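K.L.:
Okay, so here is final31.cif, and as you'll see once you scroll down, it has mmCIF, C-alpha atoms.
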```cif
data_run
loop_
_atom_site.label_atom_id
_atom_site.label_comp_id
_atom_site.auth_asym_id
_atom_site.auth_seq_id
_atom_site.Cartn_x
_atom_site.Cartn_y
_atom_site.Cartn_z
CA MET A 23 -93.14 136.24 -16.73
CA ILE A 24 -93.41 132.44 -16.76
CA THR A 25 -96.17 131.14 -14.48
CA GLU A 26 -96.59 127.70 -12.91
CA GLU A 27 -98.46 126.43 -15.96
CA LYS A 28 -96.62 123.98 -18.19
CA VAL A 29 -93.92 125.81 -20.11
CA THR A 30 -94.40 125.19 -23.84
CA ASN A 31 -92.59 126.25 -26.99
CA HIS A 32 -95.38 128.75 -27.63
CA ILE A 33 -95.06 130.43 -24.24
CA LEU A 34 -91.28 130.90 -24.50
CA LEU A 35 -91.40 131.98 -28.14
CA GLN A 36 -94.15 134.48 -27.36
CA GLN A 37 -92.12 135.87 -24.46
CA GLN A 38 -89.01 136.04 -26.64
CA GLU A 39 -90.88 137.97 -29.31
CA HIS A 40 -92.20 140.39 -26.70
CA ARG A 41 -88.86 141.09 -25.03
CA GLU A 42 -86.06 140.50 -27.52
CA SER A 43 -84.77 142.79 -30.24
CA ASN A 44 -86.32 142.95 -33.68
CA ALA A 45 -82.86 141.98 -34.95
CA ARG A 46 -83.29 138.39 -33.76
CA SER A 47 -83.12 136.03 -36.72
CA TYR A 48 -83.07 132.26 -36.23
CA PRO A 49 -86.33 132.02 -34.19
CA ARG A 50 -88.21 133.51 -37.13
CA ARG A 51 -87.36 130.45 -39.25
CA ILE A 52 -86.82 127.86 -36.52
CA PRO A 53 -89.69 128.31 -34.03
CA ILE A 54 -88.38 126.19 -31.19
CA ALA A 55 -87.54 126.56 -27.51
CA ILE A 56 -84.82 124.05 -26.66
CA ASP A 57 -85.03 122.15 -23.39
CA GLN A 58 -82.24 119.56 -23.76
CA ALA A 59 -79.47 118.68 -26.20
CA GLU A 60 -77.13 115.74 -26.69
CA GLY A 61 -74.99 114.72 -29.64
CA ILE A 62 -76.67 115.73 -32.89
CA PHE A 63 -80.10 115.99 -31.24
CA VAL A 64 -82.04 118.75 -29.49
CA THR A 65 -85.34 118.32 -27.66
CA ASP A 66 -87.96 121.06 -27.40
CA MET A 67 -90.13 122.00 -24.41
CA GLU A 68 -92.80 119.52 -25.47
CA GLY A 69 -90.49 116.56 -25.84
CA LYS A 70 -90.12 116.53 -29.63
CA ARG A 71 -86.62 115.58 -30.76
CA TYR A 72 -84.87 117.15 -33.75
CA ILE A 73 -81.71 116.33 -35.67
CA ASP A 74 -79.57 119.47 -35.51
CA CYS A 75 -77.91 120.15 -38.87
CA LEU A 76 -77.35 123.80 -38.00
CA ALA A 77 -75.11 123.01 -35.02
CA GLY A 78 -74.63 126.57 -33.85
CA ALA A 79 -73.88 127.68 -37.43
CA GLY A 80 -71.00 125.20 -37.50
CA THR A 81 -69.82 125.84 -33.94
CA LEU A 82 -70.67 122.44 -32.46
CA ALA A 83 -68.06 120.22 -34.11
CA LEU A 84 -68.66 117.47 -31.54
CA GLY A 85 -72.36 118.15 -31.20
CA HIS A 86 -74.13 119.07 -27.99
CA ASN A 87 -72.70 118.23 -24.56
CA HIS A 88 -70.02 115.84 -25.76
CA PRO A 89 -68.58 113.92 -22.75
CA VAL A 90 -65.00 114.93 -23.60
CA LEU A 91 -65.95 118.61 -23.46
CA ILE A 92 -68.04 118.27 -20.30
CA GLN A 93 -65.11 116.57 -18.59
CA ALA A 94 -62.69 119.32 -19.66
CA MET A 95 -65.01 122.04 -18.34
CA GLN A 96 -65.63 120.22 -15.06
CA GLN A 97 -61.88 119.75 -14.59
CA VAL A 98 -61.33 123.50 -14.78
CA ILE A 99 -63.87 124.04 -12.01
CA HIS A 100 -62.68 121.09 -9.91
CA ASN A 101 -59.09 122.36 -9.97
CA LYS A 102 -60.23 125.89 -9.09
CA ARG A 103 -58.64 127.28 -12.24
CA PRO A 104 -59.38 130.95 -12.97
CA LEU A 105 -62.29 131.46 -15.37
CA HIS A 106 -61.26 134.91 -16.52
CA THR A 107 -57.72 136.26 -16.92
CA LEU A 108 -57.79 139.03 -19.58
CA ASP A 109 -54.63 138.18 -21.55
CA LEU A 110 -52.61 136.93 -18.57
CA THR A 111 -51.33 133.44 -19.23
CA THR A 112 -52.21 130.21 -17.43
CA PRO A 113 -51.38 126.51 -17.87
CA VAL A 114 -54.78 126.08 -19.53
CA LYS A 115 -54.01 128.80 -22.03
CA GLU A 116 -50.52 127.50 -22.81
CA GLU A 117 -51.87 124.00 -23.43
CA PHE A 118 -54.44 125.47 -25.80
CA VAL A 119 -51.78 127.37 -27.75
CA ASN A 120 -49.58 124.27 -27.89
CA GLU A 121 -52.46 122.24 -29.30
CA ILE A 122 -53.27 124.82 -31.98
CA PHE A 123 -49.68 125.31 -33.04
CA SER A 124 -49.11 121.56 -33.24
CA SER A 125 -52.16 121.35 -35.54
CA LEU A 126 -50.89 123.90 -38.05
CA PRO A 127 -48.89 122.94 -41.14
CA GLY A 128 -45.20 122.97 -40.23
CA GLY A 129 -44.21 125.84 -42.47
CA PHE A 130 -46.82 128.08 -40.86
CA ALA A 131 -46.44 126.90 -37.26
CA ASP A 132 -42.72 127.67 -37.25
CA ARG A 133 -43.44 131.35 -37.92
CA ALA A 134 -46.76 131.71 -36.10
CA LYS A 135 -47.90 134.28 -33.55
CA ILE A 136 -51.34 134.25 -31.93
CA GLN A 137 -53.66 137.05 -30.81
CA PHE A 138 -56.60 136.24 -28.53
CA CYS A 139 -59.63 138.36 -29.36
CA GLY A 140 -63.11 138.99 -28.02
CA PRO A 141 -65.42 135.98 -28.04
CA THR A 142 -66.79 136.42 -31.57
CA GLY A 143 -65.35 135.73 -34.99
CA GLY A 144 -66.25 139.27 -36.02
CA ASP A 145 -63.89 140.71 -33.42
CA ALA A 146 -61.09 138.46 -34.67
CA ILE A 147 -61.65 139.67 -38.25
CA GLU A 148 -61.48 143.25 -36.96
CA ALA A 149 -58.17 142.39 -35.30
CA ALA A 150 -56.83 140.83 -38.51
CA LEU A 151 -57.70 143.97 -40.48
CA LYS A 152 -55.93 146.17 -37.93
CA LEU A 153 -52.94 143.85 -37.95
CA VAL A 154 -52.36 143.98 -41.71
CA LYS A 155 -53.01 147.71 -41.95
CA THR A 156 -50.49 148.34 -39.19
CA ALA A 157 -47.90 146.01 -40.72
CA THR A 158 -48.18 147.33 -44.28
CA GLY A 159 -49.04 150.97 -43.70
CA ARG A 160 -51.75 150.58 -46.34
CA SER A 161 -55.53 150.90 -46.16
CA SER A 162 -57.16 149.09 -49.10
CA ILE A 163 -58.74 145.67 -48.45
CA LEU A 164 -59.54 143.23 -51.25
CA THR A 165 -62.54 141.04 -50.49
CA PHE A 166 -65.01 138.95 -52.47
CA GLN A 167 -68.58 139.08 -53.66
CA GLY A 168 -70.66 136.62 -51.65
CA GLY A 169 -68.27 136.64 -48.71
CA TYR A 170 -69.36 136.93 -45.11
CA HIS A 171 -67.03 137.96 -42.29
CA GLY A 172 -69.28 139.27 -39.50
CA SER A 173 -71.79 141.95 -38.56
CA THR A 174 -69.63 144.61 -36.91
CA HIS A 175 -69.07 147.92 -38.67
CA GLY A 176 -65.76 146.81 -40.19
CA THR A 177 -66.76 143.25 -41.03
CA MET A 178 -70.01 144.35 -42.66
CA ALA A 179 -67.94 146.59 -44.92
CA ILE A 180 -65.99 143.60 -46.28
CA SER A 181 -69.01 141.26 -46.51
CA GLY A 182 -71.07 140.92 -49.66
CA ASN A 183 -74.63 140.84 -48.32
CA LEU A 184 -76.26 144.19 -49.10
CA ALA A 185 -79.34 144.00 -46.87
CA PRO A 186 -77.60 144.66 -43.52
CA LYS A 187 -75.73 147.62 -45.01
CA GLU A 188 -78.69 149.48 -46.46
CA ARG A 189 -79.51 151.44 -43.30
CA VAL A 190 -76.02 151.65 -41.79
CA GLN A 191 -74.04 154.54 -43.19
CA GLY A 192 -70.30 155.25 -43.13
CA LEU A 193 -68.89 151.73 -43.26
CA MET A 194 -65.13 151.17 -43.51
CA PRO A 195 -63.82 152.82 -46.68
CA ASP A 196 -61.28 151.50 -49.20
CA THR A 197 -62.94 148.10 -49.52
CA HIS A 198 -62.88 146.54 -52.99
CA PHE A 199 -65.04 143.58 -53.99
CA LEU A 200 -63.71 141.03 -56.46
CA PRO A 201 -65.50 138.21 -58.35
CA TYR A 202 -65.54 134.90 -56.47
CA PRO A 203 -65.60 131.73 -58.60
CA TYR A 204 -69.21 130.59 -58.23
CA ALA A 205 -69.68 128.12 -61.08
CA TYR A 206 -73.48 127.91 -60.99
CA ARG A 207 -73.85 131.69 -61.10
CA CYS A 208 -70.56 132.55 -62.76
CA PRO A 209 -70.08 136.33 -62.86
CA TYR A 210 -68.49 135.88 -66.30
CA GLY A 211 -71.22 133.56 -67.55
CA VAL A 212 -68.83 130.72 -68.43
CA GLY A 213 -69.48 128.24 -65.60
CA GLU A 214 -66.65 126.04 -64.33
CA GLU A 215 -63.96 127.93 -66.23
CA GLY A 216 -64.86 131.21 -64.55
CA HIS A 217 -62.16 130.85 -61.90
CA LYS A 218 -59.48 131.31 -64.58
CA LEU A 219 -61.02 134.59 -65.69
CA SER A 220 -61.27 135.64 -62.04
CA SER A 221 -57.55 135.01 -61.52
CA THR A 222 -56.62 136.86 -64.69
CA TYR A 223 -58.85 139.81 -63.80
CA ILE A 224 -57.45 140.11 -60.27
CA GLU A 225 -53.83 139.87 -61.35
CA ASN A 226 -54.37 142.50 -64.03
CA LEU A 227 -56.19 144.73 -61.53
CA LEU A 228 -53.23 144.67 -59.16
CA ASP A 229 -50.72 145.43 -61.92
CA ASP A 230 -52.73 148.07 -63.78
CA PRO A 231 -51.49 151.58 -62.93
CA GLU A 232 -54.95 152.88 -63.88
CA SER A 233 -56.97 150.38 -61.79
CA GLY A 234 -57.89 153.03 -59.25
CA ILE A 235 -56.93 150.77 -56.34
CA LEU A 236 -53.83 151.56 -54.30
CA PRO A 237 -51.60 148.65 -53.19
CA PRO A 238 -53.77 146.77 -50.69
CA ALA A 239 -53.11 145.97 -47.05
CA ALA A 240 -54.55 142.48 -47.55
CA MET A 241 -56.81 140.12 -49.44
CA ILE A 242 -59.38 138.24 -47.34
CA LEU A 243 -61.33 135.18 -48.50
CA GLU A 244 -63.21 132.06 -47.42
CA VAL A 245 -62.09 128.74 -48.89
CA VAL A 246 -65.77 127.77 -48.84
CA GLN A 247 -68.16 130.70 -48.68
CA GLY A 248 -70.57 129.90 -45.86
CA GLU A 249 -73.38 132.41 -45.61
CA GLY A 250 -72.83 133.05 -49.32
CA GLY A 251 -74.36 129.64 -50.03
CA SER A 252 -71.78 126.91 -49.28
CA VAL A 253 -69.73 127.79 -52.37
CA PRO A 254 -66.34 126.01 -52.48
CA ALA A 255 -63.50 127.75 -54.28
CA PRO A 256 -61.65 125.68 -56.91
CA ILE A 257 -58.27 124.46 -55.67
CA GLU A 258 -56.48 125.94 -58.71
CA TRP A 259 -57.98 129.37 -57.98
CA LEU A 260 -56.87 129.26 -54.34
CA LYS A 261 -53.34 128.46 -55.45
CA GLU A 262 -53.48 131.39 -57.86
CA MET A 263 -54.69 133.78 -55.15
CA ARG A 264 -51.76 132.74 -52.99
CA ARG A 265 -49.29 133.16 -55.86
CA ILE A 266 -50.68 136.54 -56.89
CA THR A 267 -50.66 137.95 -53.36
CA GLU A 268 -47.30 136.47 -52.40
CA GLU A 269 -45.53 137.83 -55.49
CA ARG A 270 -46.84 141.32 -54.71
CA GLY A 271 -46.26 141.33 -50.96
CA ILE A 272 -49.98 141.38 -50.13
CA PRO A 273 -50.91 139.56 -46.91
CA LEU A 274 -53.48 136.82 -47.51
CA ILE A 275 -56.08 136.42 -44.74
CA ILE A 276 -58.03 133.15 -44.74
CA ASP A 277 -61.30 133.34 -42.80
CA GLU A 278 -61.55 129.86 -41.24
CA ILE A 279 -64.28 130.83 -38.76
CA GLN A 280 -66.82 128.40 -40.22
CA THR A 281 -64.54 126.08 -42.21
CA GLY A 282 -61.86 125.46 -39.58
CA ILE A 283 -61.25 122.46 -37.31
CA GLY A 284 -62.23 119.61 -39.60
CA ARG A 285 -65.46 120.84 -41.16
CA THR A 286 -64.35 120.62 -44.82
CA GLY A 287 -62.44 117.33 -44.65
CA LYS A 288 -59.13 118.86 -43.57
CA LEU A 289 -58.26 120.33 -40.20
CA PHE A 290 -58.02 123.72 -41.94
CA ALA A 291 -59.75 124.39 -45.24
CA PHE A 292 -56.72 126.06 -46.84
CA GLU A 293 -54.88 122.72 -46.59
CA HIS A 294 -56.95 121.43 -49.52
CA ALA A 295 -54.90 123.72 -51.75
CA SER A 296 -51.56 123.08 -49.99
CA ILE A 297 -51.05 126.82 -49.52
CA THR A 298 -49.76 128.80 -46.56
CA PRO A 299 -51.64 132.02 -45.78
CA ASP A 300 -50.20 134.95 -43.85
CA VAL A 301 -53.15 135.17 -41.46
CA ILE A 302 -55.87 132.74 -40.41
CA VAL A 303 -58.88 133.66 -38.32
CA LEU A 304 -60.53 131.04 -36.11
CA SER A 305 -63.66 131.04 -33.97
CA LYS A 306 -66.83 128.87 -33.75
CA ALA A 307 -65.47 125.29 -33.35
CA ILE A 308 -62.13 126.41 -31.88
CA GLY A 309 -63.74 126.98 -28.46
CA GLY A 310 -65.22 123.51 -28.12
CA SER A 311 -68.77 124.97 -28.19
CA LEU A 312 -67.89 127.98 -26.00
CA PRO A 313 -67.16 131.56 -27.20
CA LEU A 314 -63.55 132.06 -28.34
CA SER A 315 -61.73 133.59 -31.28
CA VAL A 316 -58.09 133.94 -32.29
CA VAL A 317 -55.95 135.35 -35.08
CA ILE A 318 -52.86 133.35 -36.02
CA TYR A 319 -50.38 135.08 -38.27
CA ASP A 320 -46.86 135.15 -39.64
CA LYS A 321 -44.57 136.89 -37.15
CA LYS A 322 -43.30 139.25 -39.87
CA LEU A 323 -46.65 141.07 -39.48
CA ASP A 324 -46.24 141.54 -35.71
CA LYS A 325 -45.69 145.29 -35.94
CA TRP A 326 -48.46 146.56 -33.69
CA ASN A 327 -47.93 148.08 -30.26
CA PRO A 328 -49.08 146.78 -26.85
CA GLY A 329 -52.84 147.27 -26.49
CA ALA A 330 -53.40 147.61 -30.25
CA HIS A 331 -56.24 145.10 -29.96
CA ILE A 332 -57.78 144.38 -26.59
CA GLY A 333 -60.98 142.88 -25.16
CA THR A 334 -62.16 141.97 -21.70
CA PHE A 335 -63.27 138.45 -22.56
CA ARG A 336 -60.23 137.31 -24.54
CA GLY A 337 -59.19 135.19 -21.55
CA ASN A 338 -62.05 132.67 -21.56
CA GLN A 339 -60.31 129.79 -19.77
CA MET A 340 -63.27 127.42 -19.93
CA ALA A 341 -63.41 127.82 -23.71
CA MET A 342 -59.67 127.20 -23.98
CA ALA A 343 -59.96 123.98 -21.98
CA ALA A 344 -62.93 122.83 -24.06
CA GLY A 345 -61.15 123.89 -27.24
CA THR A 346 -58.06 121.88 -26.37
CA ALA A 347 -60.15 118.80 -25.60
CA SER A 348 -62.16 119.19 -28.80
CA LEU A 349 -59.10 119.64 -31.00
CA LYS A 350 -57.38 116.62 -29.48
CA PHE A 351 -60.48 114.46 -29.94
CA ILE A 352 -60.93 115.55 -33.56
CA LYS A 353 -57.31 114.79 -34.39
CA GLU A 354 -57.08 111.51 -32.47
CA ASN A 355 -60.26 110.22 -34.11
CA ARG A 356 -59.47 111.79 -37.49
CA LEU A 357 -62.93 113.32 -37.63
CA TYR A 358 -61.86 115.50 -40.57
CA GLU A 359 -61.56 112.31 -42.64
CA HIS A 360 -64.95 111.19 -41.35
CA ALA A 361 -66.37 114.59 -42.36
CA GLU A 362 -65.03 114.12 -45.87
CA LYS A 363 -66.56 110.63 -46.10
CA MET A 364 -69.96 111.70 -44.76
CA GLY A 365 -69.89 114.78 -46.98
CA SER A 366 -69.33 112.60 -50.04
CA LYS A 367 -72.32 110.47 -49.03
CA PHE A 368 -74.45 113.61 -48.73
CA LEU A 369 -73.26 114.97 -52.09
CA SER A 370 -73.92 111.70 -53.89
CA ALA A 371 -77.48 111.42 -52.57
CA LEU A 372 -78.37 115.07 -53.01
CA SER A 373 -76.96 115.09 -56.56
CA SER A 374 -79.18 112.13 -57.39
CA PHE A 375 -82.17 114.15 -56.14
CA ALA A 376 -81.25 116.87 -58.62
CA GLU A 377 -81.82 114.37 -61.44
CA ASP A 378 -85.39 113.88 -60.23
CA PHE A 379 -86.18 117.46 -59.19
CA PRO A 380 -85.43 120.22 -61.72
CA GLU A 381 -86.13 122.65 -58.88
CA ILE A 382 -82.65 121.76 -57.54
CA GLY A 383 -80.28 123.95 -59.52
CA ASP A 384 -77.01 123.01 -57.87
CA VAL A 385 -75.60 120.74 -55.18
CA ARG A 386 -72.18 121.61 -53.81
CA GLY A 387 -69.90 121.74 -50.80
CA ARG A 388 -66.79 120.39 -49.21
CA GLY A 389 -66.84 117.95 -46.31
CA LEU A 390 -69.77 118.62 -43.99
CA MET A 391 -70.43 122.11 -45.34
CA LEU A 392 -73.04 121.57 -48.03
CA GLY A 393 -75.56 123.56 -50.03
CA VAL A 394 -78.60 122.71 -52.17
CA GLU A 395 -79.68 125.65 -54.34
CA MET A 396 -83.40 125.82 -55.10
CA VAL A 397 -84.42 127.41 -58.38
CA ASP A 398 -87.45 128.28 -60.49
CA SER A 399 -87.30 125.62 -63.19
CA MET A 400 -90.21 127.20 -65.10
CA LYS A 401 -88.19 130.29 -66.03
CA PRO A 402 -85.23 130.63 -68.43
CA ALA A 403 -81.65 130.69 -67.22
CA THR A 404 -80.08 134.01 -66.32
CA LYS A 405 -77.05 135.45 -68.12
CA THR A 406 -74.80 133.89 -65.47
CA GLY A 407 -75.96 130.43 -66.56
CA GLY A 408 -78.07 129.37 -63.58
CA LEU A 409 -81.83 129.30 -63.26
CA PRO A 410 -83.47 132.08 -61.21
CA ALA A 411 -83.25 131.68 -57.45
CA ASN A 412 -86.35 130.37 -55.67
CA PRO A 413 -86.23 131.59 -52.06
CA ALA A 414 -89.91 130.77 -51.46
CA LEU A 415 -89.28 127.10 -52.27
CA ALA A 416 -86.13 127.01 -50.14
CA SER A 417 -88.08 128.43 -47.23
CA LEU A 418 -90.79 125.81 -47.69
CA VAL A 419 -88.22 123.01 -47.80
CA GLN A 420 -86.71 124.28 -44.56
CA ARG A 421 -90.15 124.40 -42.93
CA GLU A 422 -91.03 120.89 -44.15
CA CYS A 423 -87.71 119.60 -42.78
CA PHE A 424 -88.44 121.25 -39.43
CA GLU A 425 -91.88 119.65 -39.24
CA ARG A 426 -90.22 116.27 -39.88
CA GLY A 427 -87.70 116.78 -37.08
CA LEU A 428 -84.70 118.26 -38.94
CA ILE A 429 -83.18 121.66 -38.22
CA LEU A 430 -81.23 123.33 -40.99
CA GLU A 431 -80.78 126.85 -42.34
CA VAL A 432 -81.15 128.72 -45.61
CA GLY A 433 -78.60 131.14 -47.03
CA GLY A 434 -76.93 132.17 -50.25
CA ARG A 435 -78.22 134.55 -52.92
CA HIS A 436 -81.81 135.56 -52.10
CA GLY A 437 -81.90 132.95 -49.31
CA SER A 438 -82.39 130.19 -51.88
CA VAL A 439 -79.78 127.69 -50.63
CA ILE A 440 -80.55 124.91 -48.15
CA ARG A 441 -77.44 124.71 -45.96
CA ILE A 442 -76.35 121.52 -44.19
CA LEU A 443 -73.87 121.88 -41.31
CA PRO A 444 -74.17 118.84 -39.02
CA PRO A 445 -71.73 118.04 -36.20
CA LEU A 446 -68.65 116.12 -37.36
CA ILE A 447 -69.74 113.13 -35.25
CA ILE A 448 -72.78 112.40 -37.41
CA THR A 449 -72.98 108.69 -38.24
CA GLU A 450 -73.64 107.03 -41.58
CA ASN A 451 -77.11 105.94 -40.42
CA GLN A 452 -77.89 109.47 -39.28
CA VAL A 453 -76.75 110.84 -42.65
CA GLU A 454 -79.19 108.45 -44.34
CA GLU A 455 -81.97 109.61 -42.02
CA VAL A 456 -81.26 113.26 -42.85
CA ILE A 457 -81.18 112.49 -46.57
CA THR A 458 -84.55 110.73 -46.34
CA ILE A 459 -86.09 113.71 -44.53
CA ILE A 460 -84.69 116.21 -47.03
CA LYS A 461 -86.04 114.25 -49.98
CA SER A 462 -89.48 114.00 -48.40
CA ALA A 463 -89.41 117.70 -47.54
CA ILE A 464 -88.48 118.69 -51.09
CA GLN A 465 -91.31 116.57 -52.52
CA ALA A 466 -93.79 118.11 -50.10
CA ALA A 467 -92.59 121.67 -50.74
CA ILE A 468 -92.75 121.27 -54.52
CA GLY A 469 -96.24 119.86 -54.21
CA GLU A 470 -97.33 122.75 -52.00
CA ILE A 471 -95.92 125.43 -54.26
CA GLY A 472 -97.64 123.81 -57.22
#
```
Would you mind writing the file's structure down as structure tokens?
P.N.:
Amino acid sequence: MITEEKVTNHILLQQQEHRESNARSYPRRIPIAIDQAEGIFVTDMEGKRYIDCLAGAGTLALGHNHPVLIQAMQQVIHNKRPLHTLDLTTPVKEEFVNEIFSSLPGGFADRAKIQFCGPTGGDAIEAALKLVKTATGRSSILTFQGGYHGSTHGTMAISGNLAPKERVQGLMPDTHFLPYPYAYRCPYGVGEEGHKLSSTYIENLLDDPESGILPPAAMILEVVQGEGGSVPAPIEWLKEMRRITEERGIPLIIDEIQTGIGRTGKLFAFEHASITPDVIVLSKAIGGSLPLSVVIYDKKLDKWNPGAHIGTFRGNQMAMAAGTASLKFIKENRLYEHAEKMGSKFLSALSSFAEDFPEIGDVRGRGLMLGVEMVDSMKPATKTGGLPANPALASLVQRECFERGLILEVGGRHGSVIRILPPLIITENQVEEVITIIKSAIQAAIGEIG
């Protein structure tokens, strides 16, 4: 219990450790208790201000407490709109759907249906899996090494990370993992050209009567793998995945939970490849900083019965109002183009660091979804072509950034990738400030590790 003494970070963190589950994660690496937040900044209980380049794991497209979002939320309350409606419709909901559909590429929007899900992206992925299995009558799901789609029973089954699965038995069967084109750690050991081998392998797998895999209900992928280490898929490979699946009548699910709504330099990440998926899954930024998730799909797949996917909190009206306001603001101000410009500035600077620091193995990303992979430069390259991962150094860099007032996360193989996910409103001057901090943090971490 908090007493009348001054509430500090230490007091709240200690109380959190005492009362919250051992499954908590972020506080272990980001030891902060947040008092206030505005724009790209958060302030802790002791008045220290941090630049937030985690942004709710990509949720806060407009940063914290953006005036446009606050106004939209206040308007809902002022007009005495319902806050909770299950899946009953309202003017707020219809405006939200109109805004999403008007944001989709024309060829997709004309055939689109939408399913509102529970408030997490994981629930929307679950819904997408049920949708395609119902529509096709099949059970196999094709997914990719390094992918991340959630932490529910079903979504863990189609995600690459092994650690969460080790003590959870009986995950969804008939899941088949395919090689994702990750140039720095190419599964074929050929670097940039690996995506061509990946395409050839997958097409042969689907046509081989001895492959052992029955015709799949769907293929699911991320255009940029997020938790997998900010790994962008080559445009040519994405086009090939669409061709291969379309020719064989396999629904293609694009997981846009982290990439969607401007993060990668396009409103939707699949637009980089000028492809049209059968299903897209949206959460995080779609709710304007509030919990919301949806599945949007081609109406030819709409074969499920009433109640096939339900959830009490799929009618979050406040999130729909905030989501509408956020989407309008992003489009009107072309923040996706701004994200591409700021992302290029990040990539240029971070790539120049790699010339000075051999401990940086790879710099990559698309838009404002970036990764810096830390490696052990004193050891020989692995058979995949990259140097061995250096999670200890990545962790030190993160800590040094935090001490300098910058919040970011680590991810990727072995937790060796520094991930940068700032709000889309970040300015050029703020990008330069973040770059300066990261460089200083890397120098300090390398010096500490010796």
K.L.:
Find the residues near Val419 in chain A: any atom within 6 Å, counting only C-alpha atoms, skip ones fewer than 4 places away on the same chain, and give them as a ChimeraX atom specification.
P.N.:
/A:463-464,467
K.L.:
Going by the chain IDs and residue numbers used in this file, which residues fall under the PyMOL selection byres ((chain A and resi 64) around 10)? Write them as an MDAnalysis selection string.
P.N.:
chainID A and resid 54:63 65:66 69:74 77 85:86 427:429
K.L.:
Using only C-alpha atoms, which residue out of A:Pro238, A:Gly407, A:Pro413, A:Val439 lies closest to Tyr210 in chain A?
P.N.:
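Checking each candidate against Tyr210 in chain A, we get A:Gly407 as the closest.
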K.L.:
Which is closest to Ala149 in chain A among A:Arg189, A:Lys367, A:His331, A:Lys405, if we use only C-alpha atoms?
P.N.:
A:His331
K.L.:
Would you work out the distance separating CA of Ile352 in chain A from CA of Ile52 in chain A, expressed in Å to one decimal?
P.N.:
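Value for the CA of Ile352 in chain A-CA of Ile52 in chain A distance: 28.8 Å.
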K.L.:
What is the CA of Thr177 in chain A-CA of Leu200 in chain A distance in Å, reported with one decimal?
P.N.:
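For CA of Thr177 in chain A relative to CA of Leu200 in chain A, the distance reads 15.9 Å.
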K.L.:
Could you tell me, as a PyMOL selection string, exactly which residues end up selected when the PyMOL selection byres ((chain A and resi 50) around 12) is applied to this structure?
P.N.:
chain A and resi 35-36+38-39+44-49+51-55+417+420-421+431
K.L.:
To one decimal in Å, tell me the separation between CA of Leu82 in chain A and CA of Ile440 in chain A.
P.N.:
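So the answer is 18.7 Å.
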K.L.:
Compile the contact shell of range 246-250 of chain A as a PyMOL selection string: residues with an atom at most 6 Å away, counting all atoms listed in the file, same-chain residues fewer than 4 positions apart removed.
P.N.:
chain A and resi 168-169+254-255+433-434
K.L.:
Find the residues around Arg270 in chain A up to 10 Å (only C-alpha atoms counted), leave out those fewer than 2 positions away in its own chain, and share them as a PyMOL selection string.
P.N.:
chain A and resi 225+228-229+237-238+265-268+272-273
